[in-house]
Amino acid sequence: MRKVVARADPHGHERPDPGGQPSGEPAGNSAGKNGSGSAPPPGGRDAARRLHAVMELAKALATAHTLTDVVRISAGQARVAMDAALASISVWERDSGHLRVLINDGDLADGEEALPHAEMYAVTDFPEIIAPATWPTAWSNTVDERDSEHERVVALRRRGRHGCMVAPIMVEGRVWGELYLARHAEQPRFDSVDAEFAAVLAAQISAGLAQAEHYQRIEKLAFTDPLTGLANRRAIDARLDAAITRHYREGTVVSLIVCDVNGLKRLNDERGHDVGDRLLERFADQLSACSAMLPGSMAARLGGDEFCVLVEGFSPDEVVAVAEELCRRALRMHDGEGVACGVASTGDPVGPVTSADRLFRLADAAQYRAKGSRAIHPVVAGRGQPPDPTVSLAVDDDAVLPADSAPAGRPHRDRRRFRGALHNAEPGRLLAAVLGALDERVPGRVHRADTLGRLEIVADTFARMLDGVSWWISYVPPQGRSLRTVRYSIHRMTGSPGAARARYEAGTAEYDLSAYPAAAEAVQGGGFVQEVGDAGNDPAEEDLLLVGGYKAMVVAGGTNAAGGWLVEIFTDELSLSAQGLAPVLRALVAVALTGGASLPE
């Protein structure tokens, strides 16, 4: 199903593009005349231009999902809108007490970089940025000021500029950083009108940053264990797949340390789960500290009492040495009984390792042997007398290992169903429900590489949580421009007389992406929500929603090695609200697209 692009207004509400307005022309003034047929006064023309600039910034930021994108778009748009020679955006790093410049856009002076690596200034040199009395106004400096020792004035002279305007950027009620604009001597001086406009632009940038941070928080939830703060199984799956690919292509040594915390069940039974959770947290801290001895490694909680460390580029002996240290630390923990630790590395004689599952089976078999023998040292795959018992155990672990000790990655390991209300649109509950469905139904065998199957789990669970009407999954091949529906489901029929026709037409639907900019952006990793009746909706898209009896759609997409993918959820009056859920669906699609990739059927 197709739609028009949704964007965010200055208050963060999603709104579609007005459409048809030439770039660079003030909205509502394309003919250069006012309502009476005469040219607008200069002040009105400037006001219209600035209003248009704010709208353009809002629309551009609506497509930005990362801090880098927000900063890049904001600096470029602000420089043009303010007719400045340079626009810079800096962040206040409170832990170091510095303003760090993230980007310089425009006419760069000697020594300046567009994306500086280490351009930082002590925040104490700019007391106005931390003075609450000045919030949220903007202020300016020029080289004509008597206070020639002010750091900003000194910098202007050093770089051959005449004046600057600074506006604080606020996020969640606190100063996040600043928008800095500079002009040359031949340009007009900044005035009070410029200060007001700079403050408006900074407020719009704040909204974009808040949205990007919201996306990042949601994505972090999807790849972080909530109890320990370590990476979770999904993060390890994605990282390990990439690491095995590098091993296959470049010979990179990849190693896994898999640990099982001893005595957790006894502690939970005798003293309660809160005490058990504290033990897990303490062990996670030790695991994190030990993984730091192997820079670039990833520490994760796989679920329950099972943890692991993924290591690339270090020798097996170095990895085993860290595993030994981890075992020593675990024995010293309060309430702890040590850990059962297994190690597997492509650098040891374990045979060909051509998949992530193979390395996990080896490491988990080693861990299983360590637990069975109550070893206080790591068991290392491939280092026993031939035939190595650990390697032999990993050959067919499904047949050899008991059900409660199967290797990490098997479906029964730490699978937690989402429990709660049948329908729930609260982002955290929605995220937990879909991730729980992915965890339960996907890991093991070949399902992690079944892209369409994983996306179906996301679409179906998401739609059911919203009590949605239907969902569609579409695919576009690499470098392709045609989007084809590859799977869909109707949960219930709406009351619209055209709904039945829409149901049967969808199965073979194919669309030219050039006609649907929203879909094209979403396929590249974006997302949006559109409600019927939104001002500015394209009439054809409005008809589509009306004919189908839909109230709204929430859409997100992404790419993997197989191509581009789009997931669309449709709701009606009986469904829960989809407002604000685009970043949630976007994060879930990103999770589904990690790991292996496969073409649609």
# chains A, B, ... in the order shown; residues from 1 in each chain; ligands from 1
$ residues_around --residues "segment 347-361 of chain A" --least-positions-apart "4" --cutoff "6 Å" --atoms "only C-alpha atoms" --output "list of chain:residue names"
A:Asp241, A:Val253, A:Pro316, A:Ala365, A:Gly382, A:Ala394, A:Pro407
$ write_last_selection --atoms "N, CA, C and O atoms" --output "PDB file, in the first residue's frame"
ATOM      1  N   ASP A 241      27.811 -12.680  13.345  1.00  0.00           N
ATOM      2  CA  ASP A 241      27.653 -12.949  11.912  1.00  0.00           C
ATOM      3  C   ASP A 241      28.679 -12.160  11.097  1.00  0.00           C
ATOM      4  O   ASP A 241      29.306 -12.682  10.181  1.00  0.00           O
ATOM      5  N   VAL A 253      40.900 -13.903  13.389  1.00  0.00           N
ATOM      6  CA  VAL A 253      40.637 -14.862  14.463  1.00  0.00           C
ATOM      7  C   VAL A 253      39.439 -14.379  15.276  1.00  0.00           C
ATOM      8  O   VAL A 253      39.404 -13.232  15.737  1.00  0.00           O
ATOM      9  N   PRO A 316      44.259 -16.967  20.449  1.00  0.00           N
ATOM     10  CA  PRO A 316      43.535 -17.805  21.413  1.00  0.00           C
ATOM     11  C   PRO A 316      44.156 -17.756  22.811  1.00  0.00           C
ATOM     12  O   PRO A 316      43.427 -17.755  23.809  1.00  0.00           O
ATOM     13  N   ALA A 365      29.619 -26.162  24.173  1.00  0.00           N
ATOM     14  CA  ALA A 365      30.020 -27.518  24.551  1.00  0.00           C
ATOM     15  C   ALA A 365      31.160 -27.474  25.563  1.00  0.00           C
ATOM     16  O   ALA A 365      31.193 -28.263  26.526  1.00  0.00           O
ATOM     17  N   GLY A 382      39.226 -27.830  21.436  1.00  0.00           N
ATOM     18  CA  GLY A 382      40.345 -28.100  20.536  1.00  0.00           C
ATOM     19  C   GLY A 382      41.667 -28.316  21.211  1.00  0.00           C
ATOM     20  O   GLY A 382      42.677 -28.538  20.530  1.00  0.00           O
ATOM     21  N   ALA A 394      30.380 -31.072  20.280  1.00  0.00           N
ATOM     22  CA  ALA A 394      29.735 -30.009  19.504  1.00  0.00           C
ATOM     23  C   ALA A 394      29.293 -30.462  18.130  1.00  0.00           C
ATOM     24  O   ALA A 394      28.573 -29.731  17.440  1.00  0.00           O
ATOM     25  N   PRO A 407      23.215 -25.686  23.668  1.00  0.00           N
ATOM     26  CA  PRO A 407      24.049 -24.517  23.410  1.00  0.00           C
ATOM     27  C   PRO A 407      23.244 -23.248  23.237  1.00  0.00           C
ATOM     28  O   PRO A 407      22.081 -23.274  22.876  1.00  0.00           O
TER      29      PRO A 407
END
$ atom_distance --atom1 "atom CA of Asp364 of chain A" --atom2 "atom CA of Leu593 of chain A"
25.3 Å
$ select_by_dssp --residues "segment 257-398 of chain A" --states "strand (DSSP E or B)" --output "ChimeraX atom specification"
/A:257-261,298-303,306-312,339-345,379-380
$ residues_around --residues "segment 220-231 of chain A" --least-positions-apart "6" --cutoff "12 Å" --atoms "only C-alpha atoms" --output "MDAnalysis selection string"
chainID A and resid 213:214 237:239 274 276:289 291 297:310 427:436 438:439 583:592 594
$ closest_residue --among "A:Gly296, A:Asp83, A:Gln216, A:Glu324" --to "Phe190 of chain A" --atoms "only C-alpha atoms"
A:Asp83
$ residues_around --residues "Gly208 of chain A" --least-positions-apart "5" --cutoff "9 Å" --atoms "only C-alpha atoms" --output "list in words"
Gly12, Ala58, Leu61, Ala62, Ala64, His65, Leu67, Val70, Val71, Ser74, Ala203 and Glu213 of chain A
